[in-house]
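For reference, the structure discussed in these notes is given below.
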Amino acid sequence: MNYQEIIDMHYPVGTRRRDIYLHHCRQVAEKALEISRRKNLPLDRDKVEAAAMLHDIGIFLTDAPSIDCHGEAPYIAHGILGAKLLREAGFSDEICAVAEHHTGAGITAEEVAAQRLPLPVKDYMPQSLLERLICYADKFYSKSGKMQEKPLTAVRASLLKISAETLSRFDALDREFN
């Protein structure tokens, strides 16, 4: 199965959810591909594109009506739900890990436990170069509002609202990719 087939299965043509999903994921893909080219990263272009296009595949399973998602799970679970969906569809562990580890600038097991997040207690930290790249590129685009690229100052401010540790992890990604 290619990435477009699984998107088509869960994001029907003619729906607002599909339009939002595709717009966001294409933005993330374009930014990730541009960074990969500029930094001469040792990543396959097709893999970068597929990972970017699938990183949010689980959002339709969440309760996020503002983006036309009417599932039952909390939005923060979209990464683990997407990874499960991708595994069941036969996607590589590498692509599944991108979906599972892209939320925020990563989430530690300690943060899951301390904040009582509705996730299994474990680390959701981007490890591989591909995971870090997609996690980084994703932070510049929202699925709501005007959906334009956010300036670095706005990205940093939004992550600081989560925690100083989250901002610190993002700043490390920024040093790596900017």
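Letters for chains follow the order of the structure tokens (A, B, ...), residue numbers begin at 1 for each chain, and ligand numbers begin at 1 in the order shown.
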
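Assigned to alpha helix (DSSP H) in range 56-96 of chain A, given DSSP computed from backbone atoms, are A:His78, A:Gly79, A:Ile80, A:Leu81, A:Gly82, A:Ala83, A:Lys84, A:Leu85, A:Leu86, A:Arg87, A:Glu88, A:Asp93, A:Glu94, A:Ile95, A:Cys96.
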
Export N, CA and C atoms of the chosen residues as a PDB file, in the first residue's frame?
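Final output, saved to part-v8.pdb:
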ATOM      1  N   HIS A  78      -3.292  10.957  18.674  1.00  0.00           N
ATOM      2  CA  HIS A  78      -3.288  10.712  17.229  1.00  0.00           C
ATOM      3  C   HIS A  78      -2.004  10.054  16.730  1.00  0.00           C
ATOM      4  N   GLY A  79      -0.900  10.314  17.385  1.00  0.00           N
ATOM      5  CA  GLY A  79       0.366   9.717  16.961  1.00  0.00           C
ATOM      6  C   GLY A  79       0.394   8.213  17.170  1.00  0.00           C
ATOM      7  N   ILE A  80      -0.002   7.766  18.361  1.00  0.00           N
ATOM      8  CA  ILE A  80       0.019   6.324  18.613  1.00  0.00           C
ATOM      9  C   ILE A  80      -1.070   5.613  17.812  1.00  0.00           C
ATOM     10  N   LEU A  81      -2.214   6.279  17.636  1.00  0.00           N
ATOM     11  CA  LEU A  81      -3.283   5.679  16.830  1.00  0.00           C
ATOM     12  C   LEU A  81      -2.861   5.567  15.364  1.00  0.00           C
ATOM     13  N   GLY A  82      -2.205   6.597  14.871  1.00  0.00           N
ATOM     14  CA  GLY A  82      -1.719   6.570  13.493  1.00  0.00           C
ATOM     15  C   GLY A  82      -0.663   5.499  13.292  1.00  0.00           C
ATOM     16  N   ALA A  83       0.257   5.381  14.244  1.00  0.00           N
ATOM     17  CA  ALA A  83       1.304   4.358  14.147  1.00  0.00           C
ATOM     18  C   ALA A  83       0.690   2.961  14.117  1.00  0.00           C
ATOM     19  N   LYS A  84      -0.316   2.729  14.959  1.00  0.00           N
ATOM     20  CA  LYS A  84      -0.998   1.428  14.979  1.00  0.00           C
ATOM     21  C   LYS A  84      -1.669   1.151  13.627  1.00  0.00           C
ATOM     22  N   LEU A  85      -2.357   2.138  13.117  1.00  0.00           N
ATOM     23  CA  LEU A  85      -3.023   2.014  11.816  1.00  0.00           C
ATOM     24  C   LEU A  85      -2.009   1.699  10.711  1.00  0.00           C
ATOM     25  N   LEU A  86      -0.890   2.395  10.719  1.00  0.00           N
ATOM     26  CA  LEU A  86       0.146   2.174   9.703  1.00  0.00           C
ATOM     27  C   LEU A  86       0.770   0.791   9.838  1.00  0.00           C
ATOM     28  N   ARG A  87       1.018   0.343  11.067  1.00  0.00           N
ATOM     29  CA  ARG A  87       1.562  -1.011  11.270  1.00  0.00           C
ATOM     30  C   ARG A  87       0.609  -2.060  10.710  1.00  0.00           C
ATOM     31  N   GLU A  88      -0.665  -1.898  11.031  1.00  0.00           N
ATOM     32  CA  GLU A  88      -1.667  -2.861  10.553  1.00  0.00           C
ATOM     33  C   GLU A  88      -1.758  -2.873   9.031  1.00  0.00           C
ATOM     34  N   ASP A  93       8.511   0.038   9.981  1.00  0.00           N
ATOM     35  CA  ASP A  93       8.664   0.552  11.342  1.00  0.00           C
ATOM     36  C   ASP A  93       9.162   1.992  11.324  1.00  0.00           C
ATOM     37  N   GLU A  94       9.997   2.315  10.338  1.00  0.00           N
ATOM     38  CA  GLU A  94      10.560   3.660  10.221  1.00  0.00           C
ATOM     39  C   GLU A  94       9.455   4.713  10.023  1.00  0.00           C
ATOM     40  N   ILE A  95       8.493   4.423   9.166  1.00  0.00           N
ATOM     41  CA  ILE A  95       7.374   5.345   8.914  1.00  0.00           C
ATOM     42  C   ILE A  95       6.437   5.380  10.120  1.00  0.00           C
ATOM     43  N   CYS A  96       6.184   4.223  10.708  1.00  0.00           N
ATOM     44  CA  CYS A  96       5.301   4.156  11.887  1.00  0.00           C
ATOM     45  C   CYS A  96       5.876   4.964  13.049  1.00  0.00           C
TER      46      CYS A  96
END

Residues of range 13-116 of chain A within 10 Å of range 148-154 of chain A: nearest atom pair and distance (Å, one decimal) for each, counting only C-alpha atoms, sorted by chain and number, as JSON lines?
{"residue": "A:His24", "atom": "CA", "partner": "A:Gln148", "partner_atom": "CA", "distance": 9.3}
{"residue": "A:Gln27", "atom": "CA", "partner": "A:Glu149", "partner_atom": "CA", "distance": 8.2}
{"residue": "A:Val28", "atom": "CA", "partner": "A:Glu149", "partner_atom": "CA", "distance": 9.6}
{"residue": "A:Lys31", "atom": "CA", "partner": "A:Glu149", "partner_atom": "CA", "distance": 9.6}

Give one line per residue of range 76-150 of chain A that approaches range 11-21 of chain A to at most 12 Å, naming the two atoms of the closest pair and their distance in Å to one decimal, counting only C-alpha atoms; sort by chain then ascending residue number and deliver it as a tab-separated table.
residue	atom	partner	partner_atom	distance
A:Tyr141	CA	A:Ile20	CA	11.3
A:Ser142	CA	A:Ile20	CA	9.6
A:Lys143	CA	A:Ile20	CA	6.2
A:Ser144	CA	A:Ile20	CA	8.0
A:Gly145	CA	A:Ile20	CA	10.4
A:Lys146	CA	A:Ile20	CA	10.8
A:Met147	CA	A:Ile20	CA	8.8

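For Leu173 in chain A, the residues within 8 Å (counting only C-alpha atoms, excluding itself and residues fewer than 3 positions away along the chain) are A:Arg132, A:Leu133, A:Tyr136, A:Arg169, A:Phe170, A:Glu176, A:Phe177.
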
Residue neighbourhood Glu165 in chain A, 12 Å, only C-alpha atoms, exclusion window fewer than 4 positions, as a PyMOL selection string: chain A and resi 104-108+110-111+156+159-161+169-172

Filtered DSSP result for range 32-175 of chain A, state strand (DSSP E or B), as a ChimeraX atom specification: /A:62-64,69-70,73,104,106-107,124

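Checking A:Ile7, A:Ala89, A:Ile162, A:Val48 one by one against Glu131 in chain A, counting only C-alpha atoms, you find the shortest gap at A:Val48.
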
Would you mind listing what lies within 12 Å of Met9 in chain A as a list in words, with only C-alpha atoms counted and same-chain residues fewer than 5 positions away left out?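 Result of the neighbour search: Met1, Asn2, Tyr3, Gln4, Arg18, Ile57, Gly58, Phe60, Leu85 and Ala89 of chain A.
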
Residue nearest Asp138 in chain A among A:Asp123, A:Asp46, A:Glu30, A:Asp68 (counting only C-alpha atoms): A:Glu30
